[in-house]
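Dumped input27.tsv below, it's TSV, C-alpha atoms:
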chain	number	residue	atom	x	y	z
P	148	MET	CA	34.91	-99.60	37.91
P	149	ARG	CA	37.20	-98.26	40.62
P	150	GLU	CA	39.73	-97.61	37.91
P	151	LEU	CA	37.24	-95.40	36.18
P	152	PHE	CA	36.51	-93.15	39.18
P	153	ARG	CA	40.00	-93.25	40.66
P	154	ASP	CA	40.84	-89.66	39.89
P	155	ALA	CA	37.28	-88.30	40.04
P	156	GLU	CA	36.70	-88.01	43.79
P	157	HIS	CA	36.93	-84.23	43.69
P	158	LEU	CA	34.17	-84.21	41.04
P	159	PHE	CA	31.83	-86.08	43.38
P	160	ARG	CA	32.48	-83.56	46.09
P	161	LEU	CA	31.73	-80.77	43.67
P	162	ALA	CA	28.53	-82.53	42.58
P	163	GLY	CA	27.57	-82.80	46.23
P	164	VAL	CA	28.00	-79.06	46.61
P	165	PHE	CA	25.81	-78.49	43.57
P	166	VAL	CA	23.09	-80.77	44.88
P	167	ALA	CA	23.20	-79.03	48.28
P	168	LEU	CA	22.94	-75.63	46.60
P	169	PHE	CA	20.04	-76.82	44.44
P	170	VAL	CA	18.15	-78.13	47.47
P	171	ALA	CA	18.84	-74.86	49.29
P	172	PHE	CA	17.52	-72.98	46.25
P	173	LEU	CA	14.32	-75.06	46.27
P	174	VAL	CA	13.83	-74.43	49.99
P	175	VAL	CA	14.43	-70.68	49.73
P	176	ARG	CA	12.14	-70.49	46.69
P	177	ALA	CA	9.36	-72.34	48.49
P	178	VAL	CA	9.69	-70.01	51.47
P	179	LEU	CA	9.89	-66.76	49.53
P	180	ILE	CA	7.29	-67.27	46.79
P	181	PRO	CA	3.74	-66.90	48.09
P	182	LYS	CA	1.46	-69.83	47.64
P	183	SER	CA	-0.89	-68.18	45.18
P	184	PHE	CA	1.84	-66.68	42.98
P	185	GLY	CA	1.30	-67.68	39.38
P	186	ASP	CA	-2.25	-68.97	39.78
P	187	TYR	CA	-3.52	-66.49	37.20
P	188	GLY	CA	-0.28	-64.98	35.91
P	189	HIS	CA	2.98	-63.46	37.06
P	190	TYR	CA	1.53	-62.08	40.27
P	191	ARG	CA	0.12	-63.08	43.63
P	192	ALA	CA	-3.46	-64.23	43.09
P	193	ALA	CA	-4.28	-63.62	46.75
P	194	ALA	CA	-3.96	-59.88	46.01
P	195	LEU	CA	-7.36	-60.09	44.30
P	196	GLY	CA	-8.95	-61.28	47.48
P	197	GLU	CA	-7.24	-58.50	49.42
P	198	ALA	CA	-8.56	-55.93	46.94
P	199	ARG	CA	-12.07	-57.32	47.42
P	200	ASP	CA	-11.77	-57.39	51.17
P	201	ARG	CA	-12.72	-53.79	51.95
P	202	GLY	CA	-15.83	-52.20	53.35
P	203	VAL	CA	-17.96	-49.97	51.18
P	204	ALA	CA	-18.77	-46.30	51.87
P	205	PHE	CA	-21.59	-45.95	49.34
P	206	ALA	CA	-24.41	-48.40	49.99
P	207	GLY	CA	-26.08	-47.98	46.60
P	208	ARG	CA	-29.58	-46.74	45.84
P	209	ALA	CA	-31.16	-50.20	46.12
P	210	ALA	CA	-30.21	-50.33	49.79
P	211	CYS	CA	-31.77	-46.91	50.43
P	212	LEU	CA	-35.04	-47.96	48.85
P	213	ASP	CA	-35.24	-51.01	51.10
P	214	CYS	CA	-36.45	-48.64	53.84
P	215	HIS	CA	-37.18	-45.32	52.12
P	216	GLU	CA	-39.65	-46.59	49.58
P	217	ASP	CA	-41.68	-43.38	49.93
P	218	VAL	CA	-38.76	-41.42	48.50
P	219	GLY	CA	-38.53	-43.86	45.61
P	220	THR	CA	-42.20	-43.23	44.90
P	221	ALA	CA	-41.71	-39.46	45.14
P	222	LYS	CA	-38.81	-39.56	42.70
P	223	ALA	CA	-40.45	-41.88	40.18
P	224	GLY	CA	-41.25	-40.11	36.94
P	225	GLY	CA	-39.60	-36.88	38.09
P	226	LYS	CA	-36.54	-35.15	36.72
P	227	HIS	CA	-34.41	-36.64	39.50
P	228	ALA	CA	-35.65	-40.23	39.08
P	229	GLY	CA	-32.26	-41.32	37.73
P	230	VAL	CA	-30.19	-39.52	40.37
P	231	GLY	CA	-28.79	-41.86	43.00
P	232	CYS	CA	-29.67	-41.06	46.61
P	233	GLU	CA	-26.04	-40.75	47.66
P	234	ALA	CA	-25.30	-38.28	44.86
P	235	CYS	CA	-26.86	-35.60	47.10
P	236	HIS	CA	-26.96	-37.25	50.54
P	237	GLY	CA	-23.36	-38.48	50.49
P	238	PRO	CA	-21.95	-41.92	51.30
P	239	LEU	CA	-24.26	-43.67	53.76
P	240	ALA	CA	-23.27	-47.33	54.01
P	241	ALA	CA	-22.67	-46.73	57.73
P	242	HIS	CA	-26.29	-45.61	58.07
P	243	VAL	CA	-27.50	-48.73	56.24
P	244	ALA	CA	-25.48	-50.95	58.57
P	245	ASP	CA	-26.70	-49.15	61.69
P	246	PRO	CA	-29.72	-46.90	60.99
P	247	ALA	CA	-30.38	-46.15	64.65
P	248	THR	CA	-27.06	-44.58	65.65
P	249	VAL	CA	-25.76	-43.21	62.34
P	250	VAL	CA	-28.31	-40.57	61.42
P	251	PRO	CA	-27.44	-38.62	58.27
P	252	GLN	CA	-27.75	-34.84	58.11
P	253	LYS	CA	-30.32	-33.37	55.78
P	254	PRO	CA	-28.41	-31.73	52.91
P	255	ASP	CA	-28.59	-27.94	52.66
P	256	PRO	CA	-30.50	-27.22	49.41
P	257	ALA	CA	-28.64	-23.97	48.85
P	258	ALA	CA	-25.37	-25.87	48.60
P	259	VAL	CA	-26.40	-29.21	47.18
P	260	CYS	CA	-28.62	-27.95	44.32
P	261	LEU	CA	-25.97	-25.61	42.99
P	262	VAL	CA	-23.36	-28.37	42.88
P	263	CYS	CA	-25.06	-29.43	39.66
P	264	HIS	CA	-27.25	-26.53	38.59
P	265	VAL	CA	-24.94	-23.51	38.74
P	266	GLN	CA	-24.36	-22.07	35.31
P	267	ASN	CA	-21.22	-23.10	33.45
P	268	LEU	CA	-20.42	-22.73	29.79
P	269	ALA	CA	-18.85	-26.18	29.58
P	270	LYS	CA	-22.04	-27.95	30.70
P	271	PRO	CA	-24.21	-29.65	28.09
P	272	LYS	CA	-26.54	-27.07	26.58
P	273	GLY	CA	-29.78	-28.83	27.51
P	274	PHE	CA	-28.89	-29.16	31.18
P	275	PRO	CA	-30.94	-26.84	33.45
P	276	GLN	CA	-28.56	-24.23	34.84
P	277	ILE	CA	-29.10	-21.03	36.78
P	278	GLU	CA	-27.11	-17.98	37.71
P	279	PRO	CA	-28.03	-17.72	41.42
P	280	LYS	CA	-27.96	-13.90	41.40
P	281	GLU	CA	-30.40	-13.73	38.50
P	282	HIS	CA	-32.61	-16.60	39.71
P	283	TYR	CA	-34.19	-16.50	43.15
P	284	GLY	CA	-31.03	-16.73	45.16
P	285	ASP	CA	-30.42	-19.88	47.13
P	286	ALA	CA	-33.93	-20.55	48.48
P	287	CYS	CA	-34.39	-23.50	46.10
P	288	GLY	CA	-36.74	-25.33	48.43
P	289	ALA	CA	-39.30	-22.50	48.32
P	290	CYS	CA	-40.34	-23.55	44.80
P	291	HIS	CA	-38.68	-26.90	44.03
P	292	LYS	CA	-39.06	-30.20	45.81
P	293	PRO	CA	-35.64	-31.83	45.66
P	294	HIS	CA	-36.93	-35.35	45.01
P	295	ALA	CA	-39.23	-34.22	42.18
P	296	PRO	CA	-38.14	-30.69	41.19
P	297	LEU	CA	-40.75	-30.20	38.45
P	298	PRO	CA	-43.39	-28.84	38.14
P	299	VAL	CA	-42.42	-25.66	39.90
P	300	GLU	CA	-45.01	-24.51	42.41
P	301	GLY	CA	-45.95	-20.86	42.86
C	79	MET	CA	-52.41	-62.79	53.64
C	80	ASP	CA	-51.52	-60.08	56.06
C	81	GLN	CA	-48.38	-59.07	54.28
C	82	GLY	CA	-48.01	-55.31	54.30
C	83	ARG	CA	-47.02	-53.28	51.26
C	84	ARG	CA	-43.80	-52.29	52.96
C	85	ASP	CA	-42.93	-55.85	53.75
C	86	PHE	CA	-43.66	-56.90	50.19
C	87	LEU	CA	-41.46	-54.14	48.76
C	88	GLU	CA	-38.66	-54.94	51.17
C	89	LYS	CA	-38.66	-58.55	50.06
C	90	THR	CA	-39.15	-58.04	46.34
C	91	GLY	CA	-37.63	-54.60	45.75
C	92	LYS	CA	-34.06	-55.78	45.97
C	93	TYR	CA	-34.72	-58.58	43.54
C	94	VAL	CA	-35.90	-56.03	41.01
C	95	LEU	CA	-33.09	-53.55	41.58
C	96	LEU	CA	-30.21	-55.94	42.13
C	97	PHE	CA	-29.44	-58.82	39.85
C	98	GLY	CA	-28.98	-62.46	40.82
C	99	ALA	CA	-25.68	-62.75	42.63
C	100	ALA	CA	-25.96	-59.17	43.89
C	101	THR	CA	-29.08	-60.04	45.82
C	102	LYS	CA	-27.37	-62.88	47.61
C	103	ALA	CA	-24.29	-60.77	48.24
C	104	TRP	CA	-26.33	-57.90	49.63
C	105	ASP	CA	-27.43	-59.90	52.66
C	106	PHE	CA	-23.78	-60.52	53.48
C	107	ILE	CA	-22.92	-56.83	53.05
C	108	LEU	CA	-25.67	-55.89	55.49
C	109	ALA	CA	-24.47	-58.55	57.88
C	110	GLY	CA	-21.03	-56.89	57.83
C	111	ASN	CA	-19.05	-59.73	56.26
C	112	PRO	CA	-19.12	-59.04	52.53
C	113	GLU	CA	-16.05	-61.24	51.91
C	114	ALA	CA	-18.22	-64.25	52.66
C	115	ALA	CA	-20.55	-63.40	49.80
C	116	PRO	CA	-20.64	-66.42	47.54
C	117	GLY	CA	-20.65	-66.69	43.82
C	118	TYR	CA	-17.97	-64.34	42.49
C	119	ASP	CA	-16.02	-66.17	39.83
C	120	VAL	CA	-13.24	-64.13	38.22
C	121	THR	CA	-13.49	-66.10	35.00
C	122	ARG	CA	-17.13	-65.18	34.46
C	123	HIS	CA	-16.74	-61.40	34.26
C	124	TRP	CA	-15.05	-58.93	31.95
C	125	TRP	CA	-15.44	-55.41	33.24
C	126	ALA	CA	-15.57	-52.37	31.00
C	127	PHE	CA	-16.54	-48.75	31.49
C	128	TYR	CA	-18.50	-46.20	29.49
C	129	ILE	CA	-18.47	-42.42	29.86
C	130	ASP	CA	-20.94	-40.22	28.02
C	131	ILE	CA	-19.14	-36.89	27.69
C	132	GLU	CA	-22.32	-35.21	26.51
C	133	LYS	CA	-23.89	-35.92	29.90
C	134	CYS	CA	-21.02	-34.76	32.11
C	135	ILE	CA	-21.82	-31.52	33.95
C	136	GLY	CA	-18.49	-31.23	35.77
C	137	CYS	CA	-20.09	-31.27	39.22
C	138	GLY	CA	-17.19	-33.27	40.71
C	139	ASN	CA	-19.42	-35.80	42.46
C	140	CYS	CA	-17.37	-38.68	41.04
C	141	VAL	CA	-14.10	-37.19	42.28
C	142	ARG	CA	-15.47	-36.69	45.79
C	143	ALA	CA	-17.16	-40.10	45.85
C	144	CYS	CA	-13.97	-41.84	44.71
C	145	LYS	CA	-11.88	-40.17	47.40
C	146	ALA	CA	-14.44	-41.00	50.07
C	147	GLU	CA	-14.89	-44.60	49.00
C	148	ASN	CA	-11.24	-45.45	48.46
C	149	ASP	CA	-9.48	-43.41	51.13
C	150	VAL	CA	-7.59	-41.31	48.59
C	151	LEU	CA	-5.59	-38.39	49.98
C	152	ARG	CA	-7.50	-35.11	49.82
C	153	GLU	CA	-4.50	-33.10	48.58
C	154	PRO	CA	-4.92	-31.98	44.98
C	155	PHE	CA	-2.20	-34.25	43.56
C	156	TYR	CA	-3.80	-37.62	44.19
C	157	PHE	CA	-6.72	-38.73	42.07
C	158	ARG	CA	-8.05	-42.09	40.98
C	159	THR	CA	-10.58	-40.24	38.88
C	160	TRP	CA	-10.69	-36.57	37.96
C	161	VAL	CA	-12.51	-34.25	35.58
C	162	GLU	CA	-10.85	-32.02	32.99
C	163	ARG	CA	-12.40	-29.00	31.31
C	164	TYR	CA	-11.47	-28.54	27.67
C	165	HIS	CA	-11.80	-25.14	26.07
C	166	ILE	CA	-11.19	-24.93	22.34
C	167	PRO	CA	-10.76	-21.31	21.24
C	168	PRO	CA	-12.37	-20.02	18.04
C	169	PRO	CA	-10.29	-20.47	14.88
C	170	ASP	CA	-7.92	-17.63	14.11
C	171	LEU	CA	-9.11	-16.67	10.62
C	172	ALA	CA	-5.79	-15.05	9.78
C	173	ASN	CA	-3.81	-18.23	10.55
C	174	LEU	CA	-6.10	-21.08	9.59
C	175	GLY	CA	-3.21	-23.44	8.93
C	176	GLU	CA	-2.11	-23.43	12.55
C	177	GLU	CA	-3.38	-26.16	14.80
C	178	LEU	CA	-5.75	-25.06	17.53
C	179	GLN	CA	-4.45	-25.86	20.98
C	180	PRO	CA	-7.14	-26.64	23.52
C	181	ILE	CA	-6.89	-25.02	26.94
C	182	VAL	CA	-7.28	-27.71	29.60
C	183	ASP	CA	-7.82	-27.05	33.28
C	184	SER	CA	-8.76	-29.25	36.19
C	185	PRO	CA	-8.77	-27.21	39.42
C	186	ASN	CA	-8.27	-29.71	42.24
C	187	GLY	CA	-9.25	-32.43	39.77
C	188	GLY	CA	-12.77	-31.01	39.71
C	189	TYR	CA	-13.22	-31.85	43.40
C	190	ASP	CA	-14.70	-28.41	44.12
C	191	GLY	CA	-16.45	-27.99	40.77
C	192	PHE	CA	-15.38	-25.60	38.04
C	193	PRO	CA	-15.54	-21.83	38.46
C	194	GLU	CA	-16.71	-20.14	35.27
C	195	ARG	CA	-13.81	-18.68	33.34
C	196	TYR	CA	-15.05	-18.45	29.77
C	197	ARG	CA	-17.52	-16.18	28.00
C	198	ASP	CA	-20.33	-17.36	25.79
C	199	GLY	CA	-20.68	-16.44	22.16
C	200	ASP	CA	-17.05	-16.01	21.09
C	201	GLY	CA	-17.06	-19.04	18.81
C	202	SER	CA	-15.24	-21.27	21.26
C	203	LYS	CA	-16.45	-24.54	22.71
C	204	SER	CA	-16.03	-26.03	26.16
C	205	PHE	CA	-16.83	-29.39	27.65
C	206	PHE	CA	-15.90	-31.69	30.51
C	207	VAL	CA	-13.99	-34.96	30.21
C	208	PRO	CA	-13.92	-37.33	33.20
C	209	LYS	CA	-10.72	-39.34	33.35
C	210	MET	CA	-9.74	-42.51	35.18
C	211	CYS	CA	-7.78	-45.72	34.66
C	212	ASN	CA	-8.63	-47.25	31.28
C	213	HIS	CA	-8.10	-50.79	32.58
C	214	CYS	CA	-6.28	-51.64	29.37
C	215	THR	CA	-6.22	-55.18	28.03
C	216	ASP	CA	-2.58	-54.73	27.00
C	217	SER	CA	-1.55	-52.37	29.77
C	218	PRO	CA	1.76	-50.58	29.36
C	219	CYS	CA	1.90	-50.23	33.15
C	220	THR	CA	1.73	-53.95	33.90
C	221	GLN	CA	4.31	-54.72	31.22
C	222	VAL	CA	6.98	-52.56	32.83
C	223	CYS	CA	6.52	-53.68	36.44
C	224	PRO	CA	9.74	-55.48	37.39
C	225	VAL	CA	8.27	-57.45	40.30
C	226	GLY	CA	4.76	-58.49	39.25
C	227	ALA	CA	3.16	-56.00	41.64
C	228	THR	CA	0.68	-54.71	39.09
C	229	PHE	CA	-1.28	-57.02	36.88
C	230	ASP	CA	-4.38	-57.61	34.76
C	231	THR	CA	-6.90	-59.75	36.60
C	232	PRO	CA	-8.78	-62.50	34.74
C	233	ASP	CA	-11.90	-60.31	34.94
C	234	GLY	CA	-10.22	-57.42	33.16
C	235	VAL	CA	-9.20	-55.05	35.95
C	236	VAL	CA	-5.71	-53.63	36.45
C	237	LEU	CA	-4.81	-53.89	40.14
C	238	VAL	CA	-1.79	-53.26	42.35
C	239	ASP	CA	-0.42	-55.68	44.93
C	240	LYS	CA	0.83	-53.20	47.52
C	241	THR	CA	2.79	-55.79	49.42
C	242	TYR	CA	4.91	-56.36	46.31
C	243	CYS	CA	5.20	-52.80	45.00
C	244	LEU	CA	8.68	-51.32	45.38
C	245	GLY	CA	7.57	-47.78	44.57
C	246	CYS	CA	9.97	-47.64	41.62
C	247	ARG	CA	7.58	-45.47	39.54
C	248	TYR	CA	8.15	-47.30	36.25
C	249	CYS	CA	4.40	-47.80	35.87
C	250	VAL	CA	3.66	-44.17	36.72
C	251	GLN	CA	5.75	-43.15	33.74
C	252	ALA	CA	4.47	-45.94	31.50
C	253	CYS	CA	0.79	-45.11	31.86
C	254	PRO	CA	-0.10	-42.98	28.82
C	255	TYR	CA	-3.20	-41.67	30.58
C	256	GLY	CA	-1.54	-40.37	33.75
C	257	CYS	CA	-3.71	-42.52	35.98
C	258	ARG	CA	-1.15	-43.56	38.60
C	259	TYR	CA	0.48	-41.80	41.53
C	260	ILE	CA	2.69	-42.71	44.46
C	261	ASP	CA	0.83	-42.70	47.75
C	262	PRO	CA	3.13	-40.85	50.18
C	263	ARG	CA	1.72	-42.81	53.13
C	264	THR	CA	2.86	-46.20	51.85
C	265	HIS	CA	5.40	-45.16	49.15
C	266	THR	CA	3.67	-47.59	46.83
C	267	VAL	CA	1.73	-46.89	43.68
C	268	ASP	CA	-1.99	-46.29	43.81
C	269	LYS	CA	-4.65	-46.18	41.12
C	270	CYS	CA	-8.30	-46.82	40.29
C	271	THR	CA	-9.28	-50.37	41.23
C	272	LEU	CA	-12.60	-50.05	39.39
C	273	CYS	CA	-13.96	-50.32	42.95
C	274	TYR	CA	-12.99	-53.98	42.91
C	275	HIS	CA	-14.34	-54.36	46.46
C	276	ARG	CA	-17.75	-53.18	45.21
C	277	ILE	CA	-18.12	-54.74	41.78
C	278	THR	CA	-17.24	-58.18	43.10
C	279	LYS	CA	-20.16	-57.82	45.53
C	280	GLY	CA	-22.68	-56.87	42.89
C	281	LEU	CA	-22.55	-53.11	43.50
C	282	THR	CA	-21.52	-50.54	40.94
C	283	THR	CA	-18.50	-48.26	41.38
C	284	ALA	CA	-18.70	-45.31	43.78
C	285	CYS	CA	-18.31	-42.82	40.91
C	286	CYS	CA	-21.21	-44.38	39.00
C	287	GLU	CA	-23.29	-44.39	42.17
C	288	ALA	CA	-22.63	-40.68	42.77
C	289	CYS	CA	-22.90	-39.44	39.18
C	290	PRO	CA	-26.19	-37.50	39.02
C	291	THR	CA	-26.59	-37.53	35.25
C	292	GLY	CA	-25.71	-41.14	34.47
C	293	ALA	CA	-22.66	-40.07	32.49
C	294	ARG	CA	-20.75	-43.05	33.87
C	295	LEU	CA	-21.65	-46.69	33.44
C	296	LEU	CA	-19.94	-49.87	34.55
C	297	GLY	CA	-20.55	-52.90	32.36
C	298	ASP	CA	-19.75	-56.59	32.41
C	299	LEU	CA	-19.11	-57.67	28.84
C	300	LYS	CA	-19.31	-61.36	29.69
C	301	ASP	CA	-22.94	-60.82	30.63
C	302	PRO	CA	-24.83	-60.93	27.32
C	303	LYS	CA	-27.71	-58.97	28.86
C	304	ASP	CA	-25.56	-56.07	30.06
C	305	PRO	CA	-26.82	-52.72	28.70
C	306	LEU	CA	-23.25	-51.80	27.77
C	307	HIS	CA	-23.42	-54.16	24.76
C	308	GLU	CA	-26.31	-52.20	23.34
C	309	LEU	CA	-24.54	-48.88	23.92
C	310	LEU	CA	-21.31	-50.01	22.28
C	311	ARG	CA	-23.33	-51.29	19.33
C	312	THR	CA	-25.58	-48.29	18.79
C	313	GLN	CA	-23.45	-45.33	19.90
C	314	LYS	CA	-20.37	-43.75	18.37
C	315	VAL	CA	-17.69	-44.60	20.91
C	316	GLN	CA	-13.96	-44.05	21.06
C	317	VAL	CA	-11.14	-44.80	23.46
C	318	LEU	CA	-8.33	-42.43	24.42
C	319	LYS	CA	-5.11	-42.69	22.38
C	320	PRO	CA	-6.22	-45.63	20.20
C	321	HIS	CA	-2.93	-45.44	18.26
C	322	LEU	CA	-1.12	-46.75	21.33
C	323	ALA	CA	-3.05	-50.05	21.05
C	324	THR	CA	-3.42	-50.35	24.80
C	325	GLY	CA	-6.74	-52.14	24.45
C	326	ALA	CA	-8.38	-49.53	26.67
C	327	LYS	CA	-11.72	-50.64	28.11
C	328	LEU	CA	-12.87	-47.12	29.01
C	329	HIS	CA	-15.20	-46.18	26.16
C	330	TYR	CA	-16.12	-42.55	25.60
C	331	LYS	CA	-19.22	-41.40	23.83
C	332	GLY	CA	-18.96	-37.99	22.16
C	333	LEU	CA	-15.18	-37.77	22.50
C	334	ASP	CA	-13.77	-34.67	20.82
C	335	GLY	CA	-10.64	-35.06	18.71
C	336	ALA	CA	-8.88	-32.46	20.85
C	337	VAL	CA	-8.95	-34.68	23.95
C	338	ARG	CA	-5.62	-36.25	24.83
For the structure just supplied, provide its representation as structure tokens.
Amino acid sequence: MRELFRDAEHLFRLAGVFVALFVAFLVVRAVLIPKSFGDYGHYRAAALGEARDRGVAFAGRAACLDCHEDVGTAKAGGKHAGVGCEACHGPLAAHVADPATVVPQKPDPAAVCLVCHVQNLAKPKGFPQIEPKEHYGDACGACHKPHAPLPVEG
Amino acid sequence: MDQGRRDFLEKTGKYVLLFGAATKAWDFILAGNPEAAPGYDVTRHWWAFYIDIEKCIGCGNCVRACKAENDVLREPFYFRTWVERYHIPPPDLANLGEELQPIVDSPNGGYDGFPERYRDGDGSKSFFVPKMCNHCTDSPCTQVCPVGATFDTPDGVVLVDKTYCLGCRYCVQACPYGCRYIDPRTHTVDKCTLCYHRITKGLTTACCEACPTGARLLGDLKDPKDPLHELLRTQKVQVLKPHLATGAKLHYKGLDGAVR
């Protein structure tokens, strides 16, 4: 046996170096690669949780109706029944979380109505559009109730 | 039973308007710790999106809502969703063989709406096309990422891991729909997340929430009761650039052939 390995001592040393390098590789790999890498694919699965872990700005219409059921009743059956509350009132998750201190401003009808209803050739033909100069200016609220704009009064 | 009408609606209303898991999650959202909401299983959802071009009025609500919800820079170069106006001029009767080139504009991505620039009655047609990430099944952007920083989630959303992104811009060039940009604050890529922080809590995306005409719809195709199934079955739908075989999950109804 000794005869066999007599001239191979340098090979053992080399093998030792290889083993040490391999162990070092395993250690570095374990340190550098995040735990969840590869759980779903070639990426860090924990990134999904980080993407989820954000607050919302828009609370959603269901949250509004939890308190403002009267507005839900007013909108029902009207032309704006399908329009979400925050489409006109803006993002209000902060108000939902703390209704007492975060009090939203009432939108200005002159500005908010025309966001959708100003005339534009590229809009779908059936969509109600006005040219403010030819209509009644920007006093929308004088005739239209924003939560149920039809029928027009007066 | 001295239960008031208000009390009754408060207790039952959310069960009517929110579905199953969303109802449970909602209590956690109100309590301020939405991450603790139980019951989101990535293997049980497959998100898709539907845009009805014939309903889009170009008001820009989606663009503003997206920027507000996702902290997107207000400068007019950074959009996760934007609206384009297509204007197809009348055919030139003297040169009918020549292809008509549509005129496309998107002032500030539609953030401030669209000032009128065309006249009626000249034989042209105009319409709005909302654009956003198509959340492709075979995304060109995820295939080119050298470090695994962008990926398709098991529930069908293309996301970016910002801690891994090098900012090399390969994916920005690879996306055939122009849906990615480099965020100058972090020097990493940014894009539509399909409001992943909302849809995993049972809410819809911010753009859907803000769209006044219902032109946008989020759907979960693993839910057999989702209304999107019915729409895809009964409506004429198309995806952008189908020849690229990206497996886009953003379905357009009423898509004109001129749209690129």
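Of the listed residues P:Ala286, P:Leu297, P:Thr220, P:His291, the one whose atoms come nearest to chain C is P:Thr220, with distances taken using all atoms listed in the file.
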Shortest interatomic distance to Glu162 in chain C - which of C:Gly136, C:Gly234, C:Gly332, C:Gly226, counting only C-alpha atoms: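 That would be C:Gly136, the residue with the smallest distance to Glu162 in chain C.
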Distance criterion (only C-alpha atoms): nearest to chain P out of C:Gln316, C:Thr228, C:Gln221, C:Gln251: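 When distances to chain P are compared using only C-alpha atoms, the smallest one comes from C:Thr228.
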Rank nothing, just name the residue among C:Val250, C:Tyr330, C:Asp190, C:Leu295 nearest to Thr220 in chain C, using all atoms listed in the file. C:Val250
Counting only C-alpha atoms, which of P:Ala228, P:Leu151, P:Leu195, P:Ala234 gets nearest to Pro254 in chain P?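 That would be P:Ala234, the residue with the smallest distance to Pro254 in chain P.
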Just checking: using only C-alpha atoms, which residue out of C:Leu174, C:Val161, C:Leu310, C:Cys140 ends up closest to chain P?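 Between C:Leu174, C:Val161, C:Leu310, C:Cys140, the residue approaching chain P most closely is C:Cys140.
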Wanna dump the chain P-chain C contacts at 7 Å for me, each residue with its shortest atom pair and the distance in Å to one decimal, counting all atoms listed in the file, ordered by chain and number, as a tab-separated table?
residue	atom	partner	partner_atom	distance
P:His189	CA	C:Gly226	CA	5.7
P:Tyr190	CA	C:Gly226	CA	4.9
P:Ala194	CA	C:Asp239	CA	5.6
P:Ala198	CA	C:His275	CA	6.0
P:Arg199	CA	C:His275	CA	3.9
P:Asp200	CA	C:Glu113	CA	5.8
P:Arg201	CA	C:His275	CA	5.8
P:Val203	CA	C:Glu147	CA	6.6
P:Ala204	CA	C:Glu147	CA	5.1
P:Phe205	CA	C:Ala284	CA	6.3
P:Gly207	CA	C:Glu287	CA	6.3
P:Ala209	CA	C:Leu95	CA	6.0
P:Asp213	CA	C:Glu88	CA	5.2
P:Val230	CA	C:Pro290	CA	4.7
P:Gly231	CA	C:Glu287	CA	6.1
P:Glu233	CA	C:Ala288	CA	6.0
P:Ala234	CA	C:Ala288	CA	4.2
P:Ala244	CA	C:Leu108	CA	5.8
P:Val262	CA	C:Cys137	CA	5.7
P:Cys263	CA	C:Cys137	CA	5.3
P:Asn267	CA	C:Glu194	CA	5.7
P:Leu268	CA	C:Ser204	CA	6.6
P:Ala269	CA	C:Phe205	CA	4.3
P:Lys270	CA	C:Ile135	CA	4.8
P:Pro271	CA	C:Glu132	CA	6.1
